[in-house]
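The next block is target.txt, given as compact mmCIF, C-alpha atoms.
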```
# COMPACT_ATOMS: atom_id res chain seq x y z
CA MET A 1 19.76 -89.52 3.49
CA ASN A 2 16.86 -88.52 1.33
CA LEU A 3 16.06 -84.98 0.14
CA ALA A 4 13.29 -84.38 2.69
CA ALA A 5 15.59 -85.26 5.55
CA ILE A 6 18.26 -82.87 4.21
CA PHE A 7 15.76 -79.93 4.10
CA LYS A 8 14.53 -80.81 7.59
CA TYR A 9 18.10 -80.78 8.91
CA ILE A 10 18.88 -77.42 7.28
CA PHE A 11 15.64 -75.80 8.56
CA ARG A 12 16.31 -77.05 12.10
CA ALA A 13 19.85 -75.71 12.03
CA PHE A 14 18.67 -72.33 10.68
CA SER A 15 16.02 -72.08 13.40
CA TYR A 16 18.53 -72.85 16.11
CA GLY A 17 20.82 -70.16 14.70
CA ILE A 18 18.05 -67.54 14.73
CA MET A 19 17.10 -68.38 18.31
CA LEU A 20 20.75 -68.20 19.38
CA ALA A 21 21.20 -64.80 17.73
CA VAL A 22 18.08 -63.41 19.42
CA ALA A 23 19.23 -64.76 22.77
CA LEU A 24 22.66 -63.13 22.37
CA LEU A 25 21.12 -59.76 21.42
CA LEU A 26 18.82 -59.86 24.43
CA LEU A 27 21.52 -60.96 26.86
CA LEU A 28 24.29 -58.72 25.48
CA PRO A 29 22.91 -55.15 24.86
CA GLN A 30 26.29 -53.93 23.65
CA LEU A 31 25.85 -56.01 20.50
CA ARG A 32 22.67 -54.18 19.49
CA ASP A 33 23.99 -50.75 20.66
CA ASP A 34 26.66 -50.95 17.99
CA ASN A 35 24.14 -51.72 15.25
CA PRO A 36 21.26 -49.23 14.76
CA LEU A 37 19.42 -51.63 12.45
CA THR A 38 19.15 -54.41 15.04
CA TRP A 39 18.53 -51.88 17.84
CA GLY A 40 15.56 -50.46 15.93
CA PHE A 41 14.08 -53.95 15.70
CA PHE A 42 14.14 -54.38 19.48
CA ASN A 43 13.27 -50.81 20.43
CA ASN A 44 9.51 -50.53 20.84
CA GLN A 45 9.53 -46.77 21.63
CA PRO A 46 8.02 -44.58 18.84
CA ASN A 47 10.21 -42.06 17.03
CA GLU A 48 10.35 -38.67 18.82
CA THR A 49 8.22 -35.99 17.16
CA PRO A 50 10.25 -32.85 16.38
CA PRO A 51 9.22 -29.81 18.44
CA LEU A 52 6.87 -27.25 16.87
CA SER A 53 8.94 -24.38 15.53
CA TYR A 54 8.42 -21.22 13.48
CA ALA A 55 12.10 -20.83 12.73
CA LYS A 56 11.62 -21.38 8.99
CA ALA A 57 8.99 -18.64 8.78
CA VAL A 58 11.24 -16.23 10.65
CA SER A 59 14.23 -17.09 8.47
CA LEU A 60 12.16 -16.28 5.35
CA ALA A 61 10.65 -13.03 6.61
CA GLY A 62 13.22 -11.74 9.07
CA PRO A 63 15.85 -10.43 6.61
CA ALA A 64 13.20 -8.15 5.02
CA VAL A 65 12.26 -6.46 8.31
CA VAL A 66 14.40 -3.39 8.99
CA ASN A 67 15.02 -1.00 11.86
CA ILE A 68 14.07 2.63 11.24
CA TYR A 69 15.54 5.61 13.09
CA SER A 70 13.85 8.97 12.48
CA ASN A 71 15.78 12.03 13.57
CA ASP A 72 14.00 15.31 14.25
CA ILE A 73 16.31 18.32 14.77
CA GLN A 74 14.68 21.20 16.65
CA ASN A 75 16.25 24.60 17.19
CA ASP A 76 15.96 26.05 20.69
CA SER A 77 17.17 29.56 21.54
CA ARG A 78 18.09 28.40 25.05
CA PHE A 79 20.83 26.26 23.54
CA GLY A 80 22.21 28.91 21.22
CA ARG A 81 22.56 27.78 17.63
CA LYS A 82 22.86 24.13 18.49
CA GLY A 83 19.77 22.09 17.61
CA ILE A 84 18.25 19.37 19.74
CA LYS A 85 18.06 16.00 18.02
CA THR A 86 15.33 13.58 19.00
CA THR A 87 15.18 10.07 17.57
CA LYS A 88 12.06 7.98 17.08
CA LEU A 89 12.34 4.23 16.80
CA GLY A 90 10.36 1.99 14.49
CA SER A 91 10.46 -0.90 12.06
CA GLY A 92 9.80 -1.32 8.36
CA VAL A 93 9.20 -4.01 5.76
CA ILE A 94 11.04 -4.29 2.44
CA MET A 95 8.27 -4.72 -0.14
CA ALA A 96 10.38 -4.61 -3.33
CA SER A 97 14.01 -5.49 -4.06
CA ASN A 98 14.68 -2.03 -5.52
CA GLY A 99 14.27 -0.34 -2.15
CA TYR A 100 10.59 0.38 -1.41
CA ILE A 101 9.88 0.01 2.31
CA MET A 102 6.54 0.15 4.12
CA THR A 103 6.24 1.52 7.66
CA ASN A 104 3.88 3.50 9.88
CA PHE A 105 3.51 7.22 9.23
CA HIS A 106 3.84 8.07 12.92
CA VAL A 107 7.32 6.49 12.85
CA VAL A 108 8.66 8.99 10.30
CA GLN A 109 6.35 11.97 10.84
CA ASN A 110 8.23 15.31 10.96
CA ALA A 111 11.56 13.52 10.52
CA ASP A 112 14.49 15.54 9.14
CA LEU A 113 16.59 12.42 8.59
CA ILE A 114 15.50 8.80 8.24
CA ILE A 115 18.03 5.99 8.61
CA VAL A 116 17.23 2.38 7.72
CA LEU A 117 19.28 -0.39 9.29
CA LEU A 118 19.23 -3.71 7.42
CA GLN A 119 19.60 -7.00 9.24
CA SER A 120 22.95 -7.36 7.47
CA GLY A 121 24.16 -4.34 9.44
CA GLN A 122 24.14 -1.97 6.47
CA GLN A 123 22.80 1.54 7.14
CA LEU A 124 21.03 3.49 4.38
CA PRO A 125 19.43 6.95 4.29
CA ALA A 126 15.79 6.80 3.26
CA GLN A 127 13.51 9.20 1.42
CA LEU A 128 9.83 9.59 2.34
CA ILE A 129 7.89 8.92 -0.88
CA GLY A 130 4.44 9.56 0.59
CA PHE A 131 2.06 8.75 3.41
CA ASP A 132 -1.58 8.13 4.25
CA THR A 133 -2.88 9.40 7.58
CA LEU A 134 -6.10 7.35 7.53
CA THR A 135 -4.20 4.07 7.62
CA ASP A 136 -1.09 5.51 9.30
CA LEU A 137 1.09 4.08 6.54
CA ALA A 138 4.12 5.56 4.80
CA VAL A 139 6.37 4.43 1.97
CA LEU A 140 10.14 4.98 2.07
CA LYS A 141 12.74 4.49 -0.65
CA VAL A 142 16.40 3.61 -0.19
CA ASN A 143 18.99 3.67 -2.94
CA ALA A 144 19.81 -0.02 -3.13
CA GLN A 145 19.16 -3.06 -5.29
CA ASN A 146 18.66 -6.78 -4.71
CA LEU A 147 17.35 -6.30 -1.21
CA PRO A 148 15.65 -9.20 0.61
CA VAL A 149 11.87 -8.98 0.07
CA ILE A 150 9.16 -10.14 2.45
CA PRO A 151 7.21 -13.14 1.05
CA GLN A 152 3.83 -11.90 -0.22
CA LYS A 153 0.62 -13.54 -1.37
CA GLU A 154 -1.63 -11.28 -3.45
CA ASP A 155 -4.88 -12.85 -2.26
CA MET A 156 -3.85 -13.04 1.39
CA VAL A 157 -6.93 -13.34 3.61
CA SER A 158 -6.66 -13.75 7.37
CA MET A 159 -9.09 -15.70 9.54
CA VAL A 160 -9.76 -15.48 13.25
CA GLY A 161 -7.60 -18.09 14.94
CA ASP A 162 -4.69 -17.94 12.45
CA VAL A 163 -1.28 -18.12 14.12
CA VAL A 164 0.76 -14.97 13.44
CA LEU A 165 4.26 -13.73 14.26
CA ALA A 166 5.13 -10.06 14.85
CA ILE A 167 8.68 -9.18 13.78
CA GLY A 168 10.27 -5.86 14.65
CA ASN A 169 12.73 -3.97 16.82
CA PRO A 170 10.96 -3.28 20.12
CA LEU A 171 12.73 -0.83 22.43
CA ASN A 172 15.81 -1.09 20.18
CA LEU A 173 16.57 -4.57 21.52
CA GLY A 174 17.26 -5.87 18.02
CA GLN A 175 15.03 -8.00 15.84
CA THR A 176 12.52 -9.77 18.04
CA VAL A 177 9.66 -12.16 17.31
CA THR A 178 6.42 -12.47 19.28
CA GLN A 179 3.68 -15.00 18.59
CA GLY A 180 -0.10 -14.87 18.83
CA ILE A 181 -3.31 -15.43 16.90
CA VAL A 182 -5.62 -13.25 14.85
CA SER A 183 -8.34 -12.06 17.23
CA GLY A 184 -10.45 -10.15 14.71
CA THR A 185 -10.23 -9.46 10.99
CA GLY A 186 -10.10 -6.03 9.38
CA ARG A 187 -11.38 -4.67 6.10
CA ASN A 188 -9.29 -4.29 2.98
CA GLY A 189 -11.11 -1.29 1.48
CA LEU A 190 -9.82 2.27 1.19
CA SER A 191 -12.72 4.05 2.88
CA THR A 192 -12.28 5.80 6.23
CA THR A 193 -10.67 3.43 8.73
CA SER A 194 -10.70 3.04 12.50
CA TYR A 195 -9.34 0.66 15.11
CA LEU A 196 -12.21 -1.76 14.58
CA GLU A 197 -11.47 -1.99 10.86
CA PHE A 198 -7.84 -3.03 11.35
CA LEU A 199 -6.72 -6.60 11.91
CA GLN A 200 -6.67 -7.34 15.64
CA MET A 201 -4.26 -9.82 17.18
CA ASP A 202 -2.56 -10.62 20.48
CA ALA A 203 1.06 -10.92 19.30
CA ALA A 204 2.73 -8.32 21.52
CA ILE A 205 4.05 -5.14 19.92
CA ASN A 206 5.83 -2.34 21.78
CA GLU A 207 7.55 0.91 20.91
CA GLY A 208 9.81 0.11 17.98
CA ASN A 209 7.56 -2.64 16.61
CA SER A 210 5.42 -0.13 14.72
CA GLY A 211 5.76 -0.59 10.97
CA GLY A 212 7.15 -4.09 11.30
CA ALA A 213 5.82 -7.29 9.75
CA LEU A 214 3.04 -9.54 10.91
CA VAL A 215 3.54 -12.87 9.13
CA ASN A 216 1.90 -16.29 9.10
CA THR A 217 3.63 -19.59 9.78
CA HIS A 218 4.86 -19.70 6.16
CA GLY A 219 6.62 -16.36 6.60
CA GLN A 220 4.13 -14.56 4.31
CA LEU A 221 3.17 -10.98 5.11
CA VAL A 222 -0.25 -10.81 6.78
CA ALA A 223 -0.24 -7.18 7.90
CA ILE A 224 1.84 -4.15 8.88
CA ASN A 225 2.01 -3.82 12.67
CA SER A 226 0.50 -0.55 13.80
CA ARG A 227 -0.23 0.01 17.49
CA LYS A 228 -1.68 -1.31 20.69
CA PHE A 229 -5.14 -0.47 21.95
CA THR A 230 -5.23 2.66 24.09
CA GLN A 231 -7.97 3.72 26.48
CA LEU A 232 -8.75 7.12 27.93
CA ASN A 233 -8.74 5.61 31.41
CA PRO A 234 -5.08 4.95 32.30
CA GLN A 235 -6.14 2.89 35.31
CA MET A 236 -7.58 0.20 33.07
CA ASN A 237 -5.09 -2.61 32.55
CA ILE A 238 -5.53 -3.74 28.94
CA GLN A 239 -3.55 -6.67 27.60
CA GLY A 240 -3.39 -8.61 24.37
CA ILE A 241 -5.16 -6.13 22.08
CA PHE A 242 -2.94 -4.97 19.21
CA PHE A 243 -3.69 -3.77 15.71
CA ALA A 244 -2.17 -4.11 12.25
CA VAL A 245 -3.11 -2.96 8.73
CA PRO A 246 -4.18 -5.97 6.60
CA TYR A 247 -1.85 -6.81 3.73
CA GLN A 248 -4.31 -6.21 0.90
CA LEU A 249 -5.16 -2.73 2.22
CA ALA A 250 -1.51 -1.89 2.87
CA ASN A 251 -0.58 -3.04 -0.63
CA LYS A 252 -3.27 -0.83 -2.20
CA VAL A 253 -2.05 2.16 -0.21
CA MET A 254 1.58 1.50 -1.16
CA ASN A 255 0.83 1.21 -4.88
CA LYS A 256 -1.19 4.45 -4.84
CA ILE A 257 1.59 6.29 -3.00
CA ILE A 258 4.23 5.04 -5.43
CA THR A 259 2.06 6.02 -8.43
CA HIS A 260 0.62 9.33 -7.21
CA GLY A 261 2.75 10.28 -4.21
CA ARG A 262 -0.39 10.07 -2.07
CA VAL A 263 -3.56 8.03 -1.73
CA VAL A 264 -6.35 9.34 -3.96
CA ARG A 265 -9.79 8.30 -2.72
CA GLY A 266 -13.20 8.89 -4.19
CA TRP A 267 -15.78 10.83 -2.13
CA LEU A 268 -19.57 10.65 -2.12
CA GLY A 269 -20.61 12.70 0.88
CA VAL A 270 -23.23 10.65 2.74
CA THR A 271 -23.64 9.14 6.17
CA SER A 272 -25.60 6.05 7.10
CA SER A 273 -26.23 4.15 10.31
CA SER A 274 -27.64 1.13 8.46
CA LEU A 275 -26.16 -2.20 9.36
CA ASN A 276 -24.97 -4.38 6.50
CA ASN A 277 -27.81 -6.26 4.84
CA LEU A 278 -28.64 -7.79 1.48
CA LYS A 279 -30.70 -4.85 0.23
CA GLY A 280 -28.35 -1.88 0.40
CA PHE A 281 -28.19 1.04 2.83
CA ILE A 282 -30.37 3.98 3.83
CA ILE A 283 -28.88 7.49 3.60
CA ASP A 284 -29.09 9.39 6.90
CA GLY A 285 -27.28 12.59 5.92
CA VAL A 286 -25.91 14.37 2.84
CA ALA A 287 -22.94 16.78 3.03
CA GLU A 288 -23.23 20.31 1.66
CA GLN A 289 -21.77 20.74 -1.84
CA SER A 290 -20.99 17.03 -1.99
CA PRO A 291 -21.32 14.81 -5.09
CA ALA A 292 -24.33 13.19 -3.42
CA GLN A 293 -26.10 16.52 -2.94
CA LYS A 294 -25.30 17.71 -6.45
CA ALA A 295 -26.70 14.47 -7.89
CA GLY A 296 -29.92 14.75 -5.90
CA LEU A 297 -29.48 12.04 -3.28
CA LEU A 298 -31.62 12.66 -0.19
CA PRO A 299 -31.86 11.38 3.38
CA GLY A 300 -34.14 8.37 3.45
CA ASP A 301 -33.07 7.06 0.03
CA LEU A 302 -32.40 3.31 -0.05
CA VAL A 303 -29.39 2.63 -2.30
CA THR A 304 -29.36 -0.92 -3.68
CA LYS A 305 -26.88 -0.85 -6.59
CA ILE A 306 -23.87 1.19 -7.69
CA ASP A 307 -23.01 0.74 -11.38
CA ASN A 308 -25.03 -2.50 -11.44
CA VAL A 309 -23.10 -3.88 -8.44
CA PRO A 310 -25.51 -5.02 -5.68
CA VAL A 311 -24.79 -3.16 -2.45
CA THR A 312 -24.89 -5.15 0.80
CA GLY A 313 -24.31 -2.22 3.16
CA ILE A 314 -22.70 1.18 3.71
CA THR A 315 -19.23 -0.29 4.32
CA GLN A 316 -19.08 -2.01 0.94
CA ALA A 317 -20.59 1.05 -0.79
CA LEU A 318 -17.99 3.42 0.66
CA ASP A 319 -15.21 1.04 -0.39
CA ILE A 320 -16.54 1.10 -3.96
CA ILE A 321 -16.60 4.90 -3.86
CA ALA A 322 -13.16 5.21 -2.26
CA GLU A 323 -11.55 3.08 -4.96
CA THR A 324 -13.24 5.01 -7.78
CA LYS A 325 -11.14 7.58 -9.60
CA PRO A 326 -12.36 11.14 -8.90
CA GLY A 327 -14.29 12.54 -11.85
CA THR A 328 -15.84 9.17 -12.67
CA GLN A 329 -19.62 9.07 -13.09
CA LEU A 330 -21.42 6.21 -11.35
CA THR A 331 -25.04 5.14 -11.70
CA PHE A 332 -26.93 4.75 -8.41
CA LEU A 333 -30.07 2.60 -8.31
CA LEU A 334 -32.19 3.56 -5.29
CA TYR A 335 -35.69 3.55 -3.88
CA ARG A 336 -37.42 6.75 -2.78
CA ASP A 337 -40.92 6.49 -1.32
CA LYS A 338 -40.87 2.82 -2.42
CA LYS A 339 -40.38 3.84 -6.05
CA PRO A 340 -37.21 2.93 -8.04
CA LEU A 341 -35.02 5.82 -9.14
CA GLU A 342 -31.75 6.00 -11.09
CA LEU A 343 -29.31 8.88 -10.54
CA LYS A 344 -25.90 9.71 -12.03
CA VAL A 345 -23.28 10.74 -9.46
CA THR A 346 -19.88 12.23 -10.34
CA ILE A 347 -17.39 11.16 -7.68
CA ALA A 348 -15.08 13.83 -6.20
CA GLU A 349 -11.75 13.46 -4.39
CA TYR A 350 -11.81 12.73 -0.67
CA ARG A 351 -10.35 15.32 1.71
CA GLU A 352 -9.83 14.65 5.41
CA ASN A 353 -12.13 17.49 6.50
CA LYS A 354 -15.00 15.86 4.64
CA PHE A 355 -17.15 12.99 5.81
CA ASN A 356 -17.49 9.82 3.73
```

Could you spell out this file's structure in structure tokens?
Amino acid sequence: MNLAAIFKYIFRAFSYGIMLAVALLLLLPQLRDDNPLTWGFFNNQPNETPPLSYAKAVSLAGPAVVNIYSNDIQNDSRFGRKGIKTTKLGSGVIMASNGYIMTNFHVVQNADLIIVLLQSGQQLPAQLIGFDTLTDLAVLKVNAQNLPVIPQKEDMVSMVGDVVLAIGNPLNLGQTVTQGIVSGTGRNGLSTTSYLEFLQMDAAINEGNSGGALVNTHGQLVAINSRKFTQLNPQMNIQGIFFAVPYQLANKVMNKIITHGRVVRGWLGVTSSSLNNLKGFIIDGVAEQSPAQKAGLLPGDLVTKIDNVPVTGITQALDIIAETKPGTQLTFLLYRDKKPLELKVTIAEYRENKFN
């Protein structure tokens, strides 16, 4: 037998063996059931895609979201010397491992005793460091170290359509997560705020959620949950409109409260109905004894630059002013009767009874 015949014999025998093995695997399923490698070869079904889950985001952020119980003790002569204790429910977010916690001011307003309940079950008394009524934010401090901290991204910017998760303690049911999307974006500046300037979303929040965390699908803090939309007409059934304070604004407020005990804002003293544009804003009104009046600003002036920064509208201008330290002198470039004019304005401190 020559060499070619030997190779032909071996190849034929090998082929018969392969065909026999395939036939046995097809006819006897139990053979391939016991061997995942061979079963995978014959199984034409695609691998199952794992279900969409936000469990990882919740596991990262959840431990840093706390329950807050604010006790208000009121004396009532009808009950003798015994005081009446009322408890308000809310949530908070641990912003630093040494015990700084962010929450809503309305959660702890007028509280005689504030108790923070960690997700570990530990209860800690909290001290109110300061608050800001314009953003309804407050900063608490507990005497503890190495606390779990919410993941944060300094340049966090939200976009309409982003998926968000609201974490808090609604109705004292324990930590609960609701899911939604960002419906509208808010501003990050320190000037006077309103509902429309907060971040709007449709992740449900109820009593007890206030002050809790709004996070993205990476578990990073997007905003501090604040409140749901309320309407004067109680007959109107409103759903899916909730508000939160954007992270960058909340972080600015927190840092100012920790540093100064309150939020210090600059004040100019003007009003404007101008919509944002690329050429500045037109002054409609000037407050009495305001920095604007003292510097000579007048209704009808078109402000285009503040300290060489081009102004695109009244919103941006008021943010620049609000974040300027009181006592600082700023140079305003404006047009009056179509003629350029430069004025020096010394910024004062904002008080709530003032406008802009």

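Of the listed residues (A:Arg227, A:Lys153, A:Lys56, A:His218), A:Arg227 comes nearest to A:Gly90; the distances count all atoms listed in the file.
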
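Take atom CA of A:Ile101 and atom CA of A:Lys252: the distance between them is 13.9 Å.
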
Which residues of stretch 152-228 of chain A come within 10 Å of stretch 315-319 of chain A, and for each one, what is the closest pair of atoms and their distance in Å to one decimal, counting only C-alpha atoms, sorted by chain and residue number, as a tab-separated table?
```
residue	atom	partner	partner_atom	distance
A:Arg187	CA	A:Thr315	CA	9.2
A:Asn188	CA	A:Asp319	CA	8.6
A:Gly189	CA	A:Asp319	CA	5.1
A:Leu190	CA	A:Asp319	CA	5.7
A:Ser191	CA	A:Asp319	CA	5.1
A:Thr192	CA	A:Leu318	CA	8.3
```

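Using only C-alpha atoms for every distance, the candidate list A:Asn47, A:Ser183, A:Gln220, A:Thr87 yields A:Gln220 as the residue closest to A:Ala64.
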
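Around A:Gly208, within 7 Å and counting only C-alpha atoms, the residues found are Leu89, Gly90, Ser91, Gly168, Asn169, Pro170, Leu171 and Asn172 of chain A, once anything fewer than 4 positions away on its own chain is removed.
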
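You will find atom CA of A:Gln109 at 23.2 Å from atom CA of A:Ala204.
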
Next item on the list: Tell me which protein, DNA and RNA residues are within 8 Å of A:Val160, counting all atoms listed in the file, leaving out same-chain ones fewer than 4 positions away, and put them as a PyMOL selection string.
Entry: chain A and resi 181-185

Next item on the list: Do a neighbour search on stretch 301-307 of chain A at 7 Å with only C-alpha atoms, toss out local chain neighbours closer than 4 positions, and write the hits as a count of residues only.
Entry: 14

Check: Rounded to one decimal in Å, what is the spacing between atom CA of A:Gly186 and atom CA of A:Val139?
Finding: 20.9 Å

Next item on the list: Return the single residue from A:Gly261, A:Gly121, A:Gly211, A:Pro310 that is closest to A:Leu137, with distances computed using only C-alpha atoms.
Entry: A:Gly211

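Closest to A:Ala166 among A:Ser70, A:Thr178, A:Asn206, A:Gln123 is A:Thr178, based on all atoms listed in the file.
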
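Restricting the calculation to only C-alpha atoms, the smallest distance between A:Gln293 and any of A:Lys344, A:Lys338, A:Arg262, A:Lys256 is found for A:Lys344.
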
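Each of A:Asn146, A:Thr49, A:Thr135, A:Thr176 was compared to A:Val66 using only C-alpha atoms, and A:Thr176 turns out to be the nearest.
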
Note to self: Show me the residues around (6.6, -1.6, 1.7) - criterion: an atom at most 8 Å away, all atoms listed in the file counted - as a VMD selection string.
What the structure shows: chain A and resid 92 to 96 100 to 103 139 to 140 251 254

With C-alpha atoms retained, write the just-selected residues as a compact mmCIF listing (two decimals), in the coordinates of the input.
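Just written: part.txt:
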```txt
# COMPACT_ATOMS: atom_id res chain seq x y z
CA GLY A 92 9.80 -1.32 8.36
CA VAL A 93 9.20 -4.01 5.76
CA ILE A 94 11.04 -4.29 2.44
CA MET A 95 8.27 -4.72 -0.14
CA ALA A 96 10.38 -4.61 -3.33
CA TYR A 100 10.59 0.38 -1.41
CA ILE A 101 9.88 0.01 2.31
CA MET A 102 6.54 0.15 4.12
CA THR A 103 6.24 1.52 7.66
CA VAL A 139 6.37 4.43 1.97
CA LEU A 140 10.14 4.98 2.07
CA ASN A 251 -0.58 -3.04 -0.63
CA MET A 254 1.58 1.50 -1.16
```

Can you take stretch 208-216 of chain A from the block and write all heavy atoms as a JSON list (two decimals), in the first residue's frame?
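Here's the written file out00.json:
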```
[["chain", "number", "residue", "atom", "x", "y", "z"],
["A", 208, "GLY", "N", -41.48, 63.44, 52.35],
["A", 208, "GLY", "CA", -40.39, 62.60, 52.83],
["A", 208, "GLY", "C", -39.26, 62.49, 51.83],
["A", 208, "GLY", "O", -38.12, 62.22, 52.21],
["A", 209, "ASN", "N", -39.58, 62.70, 50.54],
["A", 209, "ASN", "CA", -38.54, 62.71, 49.51],
["A", 209, "ASN", "C", -37.75, 64.01, 49.49],
["A", 209, "ASN", "O", -36.63, 64.05, 48.98],
["A", 209, "ASN", "CB", -39.16, 62.53, 48.12],
["A", 209, "ASN", "CG", -39.29, 61.07, 47.71],
["A", 209, "ASN", "OD1", -40.40, 60.58, 47.56],
["A", 209, "ASN", "ND2", -38.17, 60.38, 47.53],
["A", 210, "SER", "N", -38.33, 65.08, 50.01],
["A", 210, "SER", "CA", -37.69, 66.39, 49.95],
["A", 210, "SER", "C", -36.30, 66.34, 50.58],
["A", 210, "SER", "O", -36.13, 65.84, 51.70],
["A", 210, "SER", "CB", -38.53, 67.43, 50.68],
["A", 210, "SER", "OG", -39.76, 67.63, 50.04],
["A", 211, "GLY", "N", -35.32, 66.88, 49.87],
["A", 211, "GLY", "CA", -33.95, 66.88, 50.36],
["A", 211, "GLY", "C", -33.16, 65.66, 49.96],
["A", 211, "GLY", "O", -31.95, 65.59, 50.21],
["A", 212, "GLY", "N", -33.80, 64.70, 49.31],
["A", 212, "GLY", "CA", -33.11, 63.49, 48.89],
["A", 212, "GLY", "C", -32.33, 63.70, 47.61],
["A", 212, "GLY", "O", -32.24, 64.81, 47.07],
["A", 213, "ALA", "N", -31.77, 62.62, 47.09],
["A", 213, "ALA", "CA", -30.87, 62.71, 45.94],
["A", 213, "ALA", "C", -31.59, 62.39, 44.64],
["A", 213, "ALA", "O", -32.40, 61.46, 44.58],
["A", 213, "ALA", "CB", -29.70, 61.75, 46.12],
["A", 214, "LEU", "N", -31.27, 63.16, 43.62],
["A", 214, "LEU", "CA", -31.62, 62.82, 42.25],
["A", 214, "LEU", "C", -30.32, 62.47, 41.56],
["A", 214, "LEU", "O", -29.41, 63.30, 41.47],
["A", 214, "LEU", "CB", -32.31, 63.99, 41.56],
["A", 214, "LEU", "CG", -32.90, 63.68, 40.18],
["A", 214, "LEU", "CD1", -34.14, 62.80, 40.33],
["A", 214, "LEU", "CD2", -33.28, 64.96, 39.44],
["A", 215, "VAL", "N", -30.19, 61.23, 41.10],
["A", 215, "VAL", "CA", -28.92, 60.75, 40.54],
["A", 215, "VAL", "C", -29.13, 60.27, 39.11],
["A", 215, "VAL", "O", -30.26, 59.99, 38.69],
["A", 215, "VAL", "CB", -28.32, 59.61, 41.40],
["A", 215, "VAL", "CG1", -28.11, 60.07, 42.84],
["A", 215, "VAL", "CG2", -29.21, 58.35, 41.36],
["A", 216, "ASN", "N", -28.01, 60.16, 38.37],
["A", 216, "ASN", "CA", -28.09, 59.60, 37.02],
["A", 216, "ASN", "C", -27.84, 58.10, 37.08],
["A", 216, "ASN", "O", -27.72, 57.51, 38.16],
["A", 216, "ASN", "CB", -27.10, 60.31, 36.08],
["A", 216, "ASN", "CG", -25.65, 60.18, 36.55],
["A", 216, "ASN", "OD1", -25.30, 59.30, 37.34],
["A", 216, "ASN", "ND2", -24.80, 61.06, 36.06]]
```
